[in-house]
Amino acid sequence: MEMVRWDDSLSVQIEEIDEQHKQLLGLMNDLFDAMKKGEGRSVLEKTLDGLLEYTEYHFSAEEKYMREFDYDEYEQHKNEHDALREEVLHYRNQLTSDRVTLDLLGFLWNWIQTHVKQTDKRYAPFFQEKGLK
Ligand SMILES: [Fe+2]
Ligand SMILES: [Fe+2]
């Protein structure tokens, strides 16, 4: 069973970014599966490294377009990215445990609801107007 499943409510209607958001869901589902099988701890470290890598390329991609198109919510959007970057580093530096795994999954779930579904969606019409699809 998947913890989070992709559906249209998550789409920003821009293929490159939707693909990257799907990778985040993939990381969460892998971690959730591992936790259910009692392998959460060993997979947690790998997931956190994957997340750090993900924040690098995904946030860089979004931020690059925002700067390129002179998006007026850039600063505010980037602050949310920076907060997630820091939070992931914070998790990465903790001793791994099931408690940490659950906390992290809850945190990422919340990120999808508040950032991907809201903050990211706010740039969608603007990016599309600039020609991204
Ligand atoms: Fe995003
Ligand atoms: Fe974003």
# chains A, B, ... in the order shown; residues from 1 in each chain; ligands from 1
$ closest_atom_pairs --of "chain A" --to "ligand 2" --cutoff "8 Å" --atoms "only C-alpha atoms and all ligand atoms" --output "CSV"
residue,atom,partner,partner_atom_place_in_ligand_line,distance
A:Phe59,CA,ligand 2,1 (Fe),6.2
A:Glu62,CA,ligand 2,1 (Fe),6.2
A:Glu63,CA,ligand 2,1 (Fe),7.8
A:His77,CA,ligand 2,1 (Fe),6.3
A:Lys78,CA,ligand 2,1 (Fe),7.3
A:Glu80,CA,ligand 2,1 (Fe),7.4
A:His81,CA,ligand 2,1 (Fe),6.2
A:His115,CA,ligand 2,1 (Fe),6.4
A:Val116,CA,ligand 2,1 (Fe),6.4
A:Thr119,CA,ligand 2,1 (Fe),6.4
A:Asp120,CA,ligand 2,1 (Fe),4.8
$ closest_atom_pairs --of "chain A" --to "ligand 1" --cutoff "12 Å" --atoms "only C-alpha atoms and all ligand atoms" --output "Markdown table"
| residue | atom | partner | partner_atom_place_in_ligand_line | distance |
| --- | --- | --- | --- | --- |
| A:Leu10 | CA | ligand 1 | 1 (Fe) | 10.1 |
| A:Ser11 | CA | ligand 1 | 1 (Fe) | 10.2 |
| A:Val12 | CA | ligand 1 | 1 (Fe) | 9.1 |
| A:Ile14 | CA | ligand 1 | 1 (Fe) | 11.0 |
| A:Glu16 | CA | ligand 1 | 1 (Fe) | 10.5 |
| A:Ile17 | CA | ligand 1 | 1 (Fe) | 6.9 |
| A:Asp18 | CA | ligand 1 | 1 (Fe) | 8.3 |
| A:Glu19 | CA | ligand 1 | 1 (Fe) | 10.1 |
| A:Gln20 | CA | ligand 1 | 1 (Fe) | 7.6 |
| A:His21 | CA | ligand 1 | 1 (Fe) | 6.1 |
| A:Lys22 | CA | ligand 1 | 1 (Fe) | 9.9 |
| A:Gln23 | CA | ligand 1 | 1 (Fe) | 10.6 |
| A:Leu24 | CA | ligand 1 | 1 (Fe) | 9.1 |
| A:Leu25 | CA | ligand 1 | 1 (Fe) | 11.4 |
| A:Tyr54 | CA | ligand 1 | 1 (Fe) | 10.1 |
| A:Thr55 | CA | ligand 1 | 1 (Fe) | 8.9 |
| A:Glu56 | CA | ligand 1 | 1 (Fe) | 11.3 |
| A:Tyr57 | CA | ligand 1 | 1 (Fe) | 10.3 |
| A:His58 | CA | ligand 1 | 1 (Fe) | 6.6 |
| A:Phe59 | CA | ligand 1 | 1 (Fe) | 6.6 |
| A:Ser60 | CA | ligand 1 | 1 (Fe) | 9.8 |
| A:Ala61 | CA | ligand 1 | 1 (Fe) | 8.9 |
| A:Glu62 | CA | ligand 1 | 1 (Fe) | 6.7 |
| A:Glu63 | CA | ligand 1 | 1 (Fe) | 9.5 |
| A:Tyr65 | CA | ligand 1 | 1 (Fe) | 11.7 |
| A:Met66 | CA | ligand 1 | 1 (Fe) | 11.8 |
| A:His77 | CA | ligand 1 | 1 (Fe) | 9.7 |
| A:Lys78 | CA | ligand 1 | 1 (Fe) | 10.5 |
| A:Glu80 | CA | ligand 1 | 1 (Fe) | 10.2 |
| A:His81 | CA | ligand 1 | 1 (Fe) | 8.5 |
| A:Leu84 | CA | ligand 1 | 1 (Fe) | 11.0 |
| A:Leu108 | CA | ligand 1 | 1 (Fe) | 11.9 |
| A:Trp111 | CA | ligand 1 | 1 (Fe) | 9.5 |
| A:Ile112 | CA | ligand 1 | 1 (Fe) | 8.6 |
| A:Gln113 | CA | ligand 1 | 1 (Fe) | 11.2 |
| A:Thr114 | CA | ligand 1 | 1 (Fe) | 10.7 |
| A:His115 | CA | ligand 1 | 1 (Fe) | 7.1 |
| A:Val116 | CA | ligand 1 | 1 (Fe) | 5.3 |
| A:Lys117 | CA | ligand 1 | 1 (Fe) | 8.9 |
| A:Gln118 | CA | ligand 1 | 1 (Fe) | 9.9 |
| A:Thr119 | CA | ligand 1 | 1 (Fe) | 8.2 |
| A:Asp120 | CA | ligand 1 | 1 (Fe) | 5.5 |
| A:Lys121 | CA | ligand 1 | 1 (Fe) | 8.7 |
| A:Arg122 | CA | ligand 1 | 1 (Fe) | 10.8 |
| A:Tyr123 | CA | ligand 1 | 1 (Fe) | 10.1 |
| A:Ala124 | CA | ligand 1 | 1 (Fe) | 10.7 |
$ select_by_dssp --residues "chain A" --states "helix (DSSP H, G or I)" --output "PyMOL selection string"
chain A and resi 8-10+15-36+40-68+74-92+98-129
$ residues_around --residues "Leu44 of chain A" --least-positions-apart "4" --cutoff "8 Å" --atoms "only C-alpha atoms" --output "mmCIF file with C-alpha atoms, in the first residue's frame"
data_model
loop_
_atom_site.group_PDB
_atom_site.id
_atom_site.type_symbol
_atom_site.label_atom_id
_atom_site.label_comp_id
_atom_site.auth_asym_id
_atom_site.auth_seq_id
_atom_site.Cartn_x
_atom_site.Cartn_y
_atom_site.Cartn_z
ATOM 1 C CA LEU A 31 10.308 4.726 3.514
ATOM 2 C CA GLY A 40 12.641 1.649 8.656
ATOM 3 C CA LEU A 48 17.366 11.255 4.019
ATOM 4 C CA THR A 96 17.813 7.047 13.381
ATOM 5 C CA THR A 101 10.936 7.839 10.648
#
$ atom_distance --atom1 "atom CA of Asp49 of chain A" --atom2 "atom CA of Glu15 of chain A"
24.4 Å
$ closest_residue --among "A:Leu104, A:Met1, A:Asp7, A:Phe69" --to "Lys37 of chain A" --atoms "only C-alpha atoms"
A:Met1
$ closest_residue --among "A:Arg5, A:Lys133, A:Arg99, A:Arg85" --to "Glu53 of chain A" --atoms "only C-alpha atoms"
A:Arg85
$ closest_residue --among "A:Lys130, A:Leu52, A:Ser9, A:Asn29" --to "Asp82 of chain A" --atoms "only C-alpha atoms"
A:Leu52
$ atom_distance --atom1 "atom CA of Asn110 of chain A" --atom2 "atom CA of Val4 of chain A"
11.4 Å
$ closest_residue --among "A:Arg67, A:Gly38, A:Glu45, A:Gly26" --to "Gln94 of chain A" --atoms "only C-alpha atoms"
A:Glu45
